[in-house]
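To start, the structure itself, in structure tokens.
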Amino acid sequence: MSTDEILIIGTDPPCPRCDYLKQVVVDIVNDLHLSVPVRHIGYTSEEAHQLAKAEGLVPGTAKDVAKKLGIAMDWPAILNMIDIAGLTESSSGSPQCCPSAAARWTPELDDALRPCEVQALKAGIMMTPVLVINGNSVHQGCVPDADQTRNWIKSAYTQASEGNRRSIETEIEVLGTGCKKCDTLYDNVLIAIDSLGGAEGCSVKKRTDIGYFRKMGVAVTPGLIIKGQIVSTGRVLTPDQIVVHLESIL
């Protein structure tokens with residue numbers, strides 16, 4: 001694969017989650033006026049297996065995770081959620097003809113499959129849908145937040161066109177699945193940066209992909225990483241504590 005592209009690894013044909021994620025990515029790429037190809041590839045393809053192998057995983061679906069770990073899932077109910085979501089209506093009040101797979105996605109569908117998502121790494125599975133940017137897996141297991149996806153794409157491609165900006169930028173990462181502690185740590189990082197006068201050149205990113213947690217060596221969230229160095233795991237640092245770390249690393 002070319003590193004200068006965005007991939008969505010999913011089922012073939014695409015399921016609602018995979019198709020919706022591709023739709024979101026294409027919209028973001030177009031909105032940012034980027035000339036970046038977006039491709040969907042099947043999780044059973046050799047290309048998908050090579051990408052997963054690089055992270056010590058194998059590609060698979062929620063069903064693969066549930067089967068391997070014995071997770072009890074109400075599959076008929078989940079399929080029913082997809083069927084109901086697909087019954088969209090036109091302006092005339094009648095169902096639309098042949099709705100796309102993306103039209104059948106809902107946040108509730110991701111919530112229903114969350115038990116598999118959070119256990120995927122334990123099963124050694126890179127769970128679909130997977131978002132790959134520039135050859136790196138940035139998210140897997142569910143449809144990521146659209147704003148976060150936009151930030152990933154914007155960071156990867158708009159900054160690349162600005163010469164050596166990346167080399168002088170200090171990246172601060174908050175790793176977490178979106179729980180209250182993770183959000184509090186993120187807010188405390190912003191407060192700490194503000195107390196230092198804005199710390200020009202710093203970028204703060206939320207990382208929600210459990211595959212990335214494993215890659216960086218963070219076993220317990222929330223995690224805080226500054227310039228690639230793990231600063232803390234499993235606890236919420238205060239703004240003052242974060243300032244100390246920033247001053248020692250920046």
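Labeling convention for the structure tokens: chains A, B, ... as they appear, residues from 1 per chain, ligands from 1 in order of appearance.
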Write out as a PyMOL selection string all residues of segment 97-187 of chain A that backbone DSSP assigns to alpha helix (DSSP H). chain A and resi 107-112+114-119+146-157+165-168+180-187
Save out the residues we just selected, C-alpha atoms, as a short mmCIF file (atom, residue, chain, number, x, y, z; two decimals), in the first residue's frame.
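Done, and the output landed in part_16.cif:
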```cif
data_model
loop_
_atom_site.label_atom_id
_atom_site.label_comp_id
_atom_site.auth_asym_id
_atom_site.auth_seq_id
_atom_site.Cartn_x
_atom_site.Cartn_y
_atom_site.Cartn_z
CA PRO A 107 -24.17 5.22 17.63
CA GLU A 108 -26.25 2.59 19.40
CA LEU A 109 -24.80 -0.04 17.07
CA ASP A 110 -21.29 0.82 18.23
CA ASP A 111 -22.48 0.76 21.85
CA ALA A 112 -23.94 -2.71 21.36
CA ARG A 114 -18.52 -2.26 22.69
CA PRO A 115 -17.98 -5.46 24.76
CA CYS A 116 -16.09 -6.89 21.80
CA GLU A 117 -14.22 -3.67 21.06
CA VAL A 118 -12.76 -3.34 24.55
CA GLN A 119 -11.64 -6.98 24.56
CA ALA A 146 -15.88 12.91 13.53
CA ASP A 147 -13.99 15.86 15.05
CA GLN A 148 -11.19 13.57 16.20
CA THR A 149 -11.05 11.97 12.75
CA ARG A 150 -10.81 15.40 11.19
CA ASN A 151 -7.93 16.30 13.52
CA TRP A 152 -6.05 13.11 12.62
CA ILE A 153 -6.41 13.78 8.90
CA LYS A 154 -5.65 17.46 9.19
CA SER A 155 -2.56 16.76 11.29
CA ALA A 156 -1.29 14.10 8.88
CA TYR A 157 -1.70 16.05 5.67
CA ARG A 165 6.65 22.19 11.34
CA ARG A 166 6.33 18.69 12.74
CA SER A 167 9.92 18.65 13.87
CA ILE A 168 9.45 21.71 16.07
CA LYS A 180 -14.62 10.92 33.01
CA LYS A 181 -11.03 10.51 34.24
CA CYS A 182 -9.68 10.70 30.69
CA ASP A 183 -11.67 13.86 29.96
CA THR A 184 -10.52 15.44 33.23
CA LEU A 185 -6.88 14.73 32.41
CA TYR A 186 -7.34 16.28 28.97
CA ASP A 187 -8.89 19.40 30.52
#
```
How would you write, as a VMD selection string, the set of residues in segment 63-231 of chain A that DSSP gives as strand (DSSP E)? chain A and resid 125 to 127 130 to 133 136 to 140 170 to 175 202 to 207 223 to 226 229 to 231
Give one line per residue of segment 116-179 of chain A that approaches segment 218-225 of chain A to at most 6 Å, naming the two atoms of the closest pair and their distance in Å to one decimal, counting only C-alpha atoms; sort by chain then ascending residue number and deliver it as a Markdown table.
```
| residue | atom | partner | partner_atom | distance |
| --- | --- | --- | --- | --- |
| A:Ile172 | CA | A:Ile225 | CA | 5.8 |
| A:Glu173 | CA | A:Ile225 | CA | 5.0 |
| A:Val174 | CA | A:Leu224 | CA | 4.8 |
| A:Leu175 | CA | A:Gly223 | CA | 4.7 |
| A:Gly176 | CA | A:Pro222 | CA | 4.9 |
```
Per residue of segment 101-151 of chain A within 10 Å of segment 201-216 of chain A, which atom pair is closest and at what distance in Å (one decimal), using only C-alpha atoms, listed by chain and increasing number, as a tab-separated table?
```
residue	atom	partner	partner_atom	distance
A:Glu117	CA	A:Ile210	CA	8.8
A:Val118	CA	A:Ile210	CA	7.7
A:Gln119	CA	A:Ile210	CA	9.5
A:Ala120	CA	A:Ile210	CA	8.7
A:Leu121	CA	A:Gly211	CA	6.9
A:Gly124	CA	A:Gly211	CA	9.9
A:Ile125	CA	A:Gly211	CA	9.5
A:Met126	CA	A:Gly211	CA	7.6
A:Met127	CA	A:Gly211	CA	9.5
A:Val130	CA	A:Asp209	CA	9.6
A:Leu131	CA	A:Asp209	CA	9.8
A:Asn136	CA	A:Tyr212	CA	9.6
A:Ser137	CA	A:Tyr212	CA	7.7
A:Val138	CA	A:Asp209	CA	6.4
A:His139	CA	A:Asp209	CA	4.6
A:Gln140	CA	A:Asp209	CA	6.0
A:Gly141	CA	A:Asp209	CA	8.1
A:Cys142	CA	A:Asp209	CA	9.3
A:Pro144	CA	A:Thr208	CA	8.2
A:Asp145	CA	A:Thr208	CA	9.5
A:Gln148	CA	A:Lys206	CA	7.6
A:Asn151	CA	A:Lys205	CA	8.4
```
Within 12 Å of Cys15 of chain A, counting only C-alpha atoms, which residues qualify if same-chain residues fewer than 2 places away don't, as a PyMOL selection string? chain A and resi 8-13+17-22+40-43+61-62+79+82-83+86+100-105+109+128-129+142-143
For the selection you just gave me, I'd like the residues written to a file as a compact mmCIF listing (two decimals), in the first residue's frame, keeping N, CA and C atoms.
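Done, and the output landed in result-v7.txt:
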```
# COMPACT_ATOMS: atom_id res chain seq x y z
N ILE A 8 -9.70 2.25 5.05
CA ILE A 8 -10.67 1.74 6.02
C ILE A 8 -10.69 0.23 5.84
N ILE A 9 -10.30 -0.49 6.89
CA ILE A 9 -10.33 -1.94 6.84
C ILE A 9 -11.66 -2.40 7.42
N GLY A 10 -12.38 -3.19 6.64
CA GLY A 10 -13.69 -3.65 7.11
C GLY A 10 -14.12 -4.91 6.41
N THR A 11 -15.40 -5.20 6.51
CA THR A 11 -15.95 -6.37 5.85
C THR A 11 -16.12 -6.07 4.36
N ASP A 12 -16.24 -7.13 3.57
CA ASP A 12 -16.43 -6.97 2.12
C ASP A 12 -17.57 -7.87 1.69
N PRO A 13 -18.72 -7.27 1.31
CA PRO A 13 -18.97 -5.84 1.15
C PRO A 13 -19.02 -5.11 2.49
N ARG A 17 -20.97 0.10 9.65
CA ARG A 17 -19.93 0.86 10.36
C ARG A 17 -18.78 1.20 9.43
N CYS A 18 -18.33 0.24 8.64
CA CYS A 18 -17.22 0.47 7.72
C CYS A 18 -17.60 1.49 6.65
N ASP A 19 -18.80 1.34 6.11
CA ASP A 19 -19.25 2.23 5.04
C ASP A 19 -19.45 3.65 5.56
N TYR A 20 -20.00 3.76 6.78
CA TYR A 20 -20.22 5.09 7.35
C TYR A 20 -18.88 5.78 7.64
N LEU A 21 -17.90 5.03 8.15
CA LEU A 21 -16.59 5.61 8.43
C LEU A 21 -15.95 6.11 7.14
N LYS A 22 -16.05 5.34 6.08
CA LYS A 22 -15.48 5.79 4.80
C LYS A 22 -16.17 7.07 4.34
N HIS A 40 -11.30 1.42 0.70
CA HIS A 40 -11.81 0.39 1.61
C HIS A 40 -11.19 -0.93 1.20
N ILE A 41 -10.68 -1.69 2.17
CA ILE A 41 -10.16 -3.02 1.87
C ILE A 41 -10.78 -4.03 2.82
N GLY A 42 -10.96 -5.25 2.35
CA GLY A 42 -11.54 -6.30 3.17
C GLY A 42 -10.57 -6.77 4.23
N TYR A 43 -11.10 -7.11 5.39
CA TYR A 43 -10.23 -7.51 6.49
C TYR A 43 -9.56 -8.86 6.25
N THR A 61 -13.46 -9.35 13.01
CA THR A 61 -14.68 -8.62 13.30
C THR A 61 -15.09 -8.81 14.76
N ALA A 62 -16.16 -8.14 15.14
CA ALA A 62 -16.70 -8.30 16.50
C ALA A 62 -17.07 -9.76 16.76
N LEU A 79 -28.58 -7.35 14.80
CA LEU A 79 -29.00 -7.34 13.40
C LEU A 79 -30.32 -6.59 13.23
N ILE A 82 -29.73 -2.92 12.98
CA ILE A 82 -29.28 -2.52 11.64
C ILE A 82 -30.45 -2.44 10.69
N ASP A 83 -31.36 -3.42 10.77
CA ASP A 83 -32.53 -3.44 9.89
C ASP A 83 -33.43 -2.24 10.14
N GLY A 86 -32.06 0.98 8.82
CA GLY A 86 -32.10 1.08 7.37
C GLY A 86 -33.44 1.50 6.83
N SER A 100 -28.03 3.07 1.47
CA SER A 100 -26.66 2.59 1.54
C SER A 100 -26.42 1.91 2.87
N ALA A 101 -25.32 1.14 2.92
CA ALA A 101 -24.97 0.49 4.18
C ALA A 101 -24.73 1.54 5.26
N ALA A 102 -24.12 2.67 4.87
CA ALA A 102 -23.83 3.74 5.83
C ALA A 102 -25.09 4.25 6.51
N ALA A 103 -26.20 4.23 5.79
CA ALA A 103 -27.47 4.74 6.34
C ALA A 103 -27.97 3.87 7.49
N ARG A 104 -27.41 2.67 7.62
CA ARG A 104 -27.86 1.75 8.67
C ARG A 104 -27.02 1.86 9.94
N TRP A 105 -26.03 2.75 9.93
CA TRP A 105 -25.21 2.92 11.14
C TRP A 105 -25.89 3.86 12.12
N LEU A 109 -25.41 1.18 17.61
CA LEU A 109 -24.80 -0.04 17.07
C LEU A 109 -23.38 -0.21 17.62
N THR A 128 -12.48 -4.60 13.18
CA THR A 128 -13.07 -3.66 12.23
C THR A 128 -14.17 -2.82 12.89
N PRO A 129 -14.39 -1.59 12.37
CA PRO A 129 -13.65 -0.94 11.31
C PRO A 129 -12.31 -0.38 11.81
N CYS A 142 -14.56 0.70 16.26
CA CYS A 142 -15.82 1.43 16.20
C CYS A 142 -15.63 2.64 15.29
N VAL A 143 -16.70 3.38 15.07
CA VAL A 143 -16.62 4.60 14.28
C VAL A 143 -16.12 5.72 15.20
```
Extract, using only C-alpha atoms, all DNA, RNA and protein residues at most 9 Å from segment 242-245 of chain A, discarding same-chain residues fewer than 2 positions from it, and format them as a PDB file with N, CA and C atoms, in the first residue's frame.
```
ATOM      1  N   ASN A 188      -7.145  19.150  32.221  1.00  0.00           N
ATOM      2  CA  ASN A 188      -6.040  19.613  33.056  1.00  0.00           C
ATOM      3  C   ASN A 188      -4.803  19.939  32.221  1.00  0.00           C
ATOM      4  N   VAL A 189      -4.602  19.192  31.133  1.00  0.00           N
ATOM      5  CA  VAL A 189      -3.490  19.492  30.229  1.00  0.00           C
ATOM      6  C   VAL A 189      -3.682  20.882  29.609  1.00  0.00           C
ATOM      7  N   ALA A 192      -2.939  23.498  32.155  1.00  0.00           N
ATOM      8  CA  ALA A 192      -1.501  23.599  32.383  1.00  0.00           C
ATOM      9  C   ALA A 192      -0.820  24.386  31.274  1.00  0.00           C
ATOM     10  N   ILE A 193      -1.194  24.117  30.043  1.00  0.00           N
ATOM     11  CA  ILE A 193      -0.611  24.830  28.901  1.00  0.00           C
ATOM     12  C   ILE A 193      -0.960  26.312  28.974  1.00  0.00           C
ATOM     13  N   SER A 195      -1.559  28.030  31.610  1.00  0.00           N
ATOM     14  CA  SER A 195      -0.821  28.659  32.703  1.00  0.00           C
ATOM     15  C   SER A 195       0.614  28.986  32.314  1.00  0.00           C
ATOM     16  N   LEU A 196       1.092  28.320  31.263  1.00  0.00           N
ATOM     17  CA  LEU A 196       2.448  28.593  30.758  1.00  0.00           C
ATOM     18  C   LEU A 196       2.437  29.611  29.631  1.00  0.00           C
ATOM     19  N   ILE A 226       4.142  12.902  26.562  1.00  0.00           N
ATOM     20  CA  ILE A 226       4.655  14.181  26.085  1.00  0.00           C
ATOM     21  C   ILE A 226       5.906  13.911  25.267  1.00  0.00           C
ATOM     22  N   VAL A 231       4.403   9.862  30.633  1.00  0.00           N
ATOM     23  CA  VAL A 231       4.518  10.670  31.848  1.00  0.00           C
ATOM     24  C   VAL A 231       3.732  10.047  32.998  1.00  0.00           C
ATOM     25  N   LEU A 237      -3.431  13.519  36.646  1.00  0.00           N
ATOM     26  CA  LEU A 237      -2.513  14.522  37.176  1.00  0.00           C
ATOM     27  C   LEU A 237      -3.210  15.867  37.280  1.00  0.00           C
ATOM     28  N   THR A 238      -2.824  16.644  38.269  1.00  0.00           N
ATOM     29  CA  THR A 238      -3.363  17.996  38.418  1.00  0.00           C
ATOM     30  C   THR A 238      -2.663  18.909  37.417  1.00  0.00           C
ATOM     31  N   PRO A 239      -3.236  20.073  37.138  1.00  0.00           N
ATOM     32  CA  PRO A 239      -2.572  21.022  36.244  1.00  0.00           C
ATOM     33  C   PRO A 239      -1.158  21.368  36.718  1.00  0.00           C
ATOM     34  N   ASP A 240      -0.978  21.546  38.023  1.00  0.00           N
ATOM     35  CA  ASP A 240       0.352  21.893  38.548  1.00  0.00           C
ATOM     36  C   ASP A 240       1.353  20.765  38.306  1.00  0.00           C
ATOM     37  N   GLU A 247       7.594  21.647  31.895  1.00  0.00           N
ATOM     38  CA  GLU A 247       8.791  22.484  32.043  1.00  0.00           C
ATOM     39  C   GLU A 247      10.073  21.645  31.960  1.00  0.00           C
ATOM     40  N   SER A 248       9.995  20.383  32.384  1.00  0.00           N
ATOM     41  CA  SER A 248      11.191  19.549  32.356  1.00  0.00           C
ATOM     42  C   SER A 248      11.449  18.943  30.991  1.00  0.00           C
ATOM     43  N   ILE A 249      10.382  18.838  30.169  1.00  0.00           N
ATOM     44  CA  ILE A 249      10.525  18.190  28.880  1.00  0.00           C
ATOM     45  C   ILE A 249      10.633  19.180  27.725  1.00  0.00           C
ATOM     46  N   LEU A 250       9.881  20.281  27.811  1.00  0.00           N
ATOM     47  CA  LEU A 250       9.884  21.242  26.705  1.00  0.00           C
ATOM     48  C   LEU A 250      11.229  21.949  26.584  1.00  0.00           C
TER      49      LEU A 250
END
```
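Closest approach to Asn134 of chain A from the set A:Leu51, A:Ala72, A:Ala66, A:Leu190 is made by A:Leu51, with distances taken over only C-alpha atoms.
Of the residues listed (A:Val38, A:Gly135, A:Lys63, A:Leu246), A:Val38 shows the shortest atom-to-atom separation from Gln23 of chain A; distances use only C-alpha atoms.
Atom pair atom CA of Val36 of chain A / atom CA of Thr170 of chain A: separated by 25.4 Å.
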Pick the closest to Ile71 of chain A from A:Ser45, A:Ala123, A:Leu7, A:Ile28: which is it, counting only C-alpha atoms? A:Ala123
Between atom CA of Val132 of chain A and atom CA of Asp4 of chain A, what is the spacing in Å?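 These atoms are spaced 10.5 Å apart.
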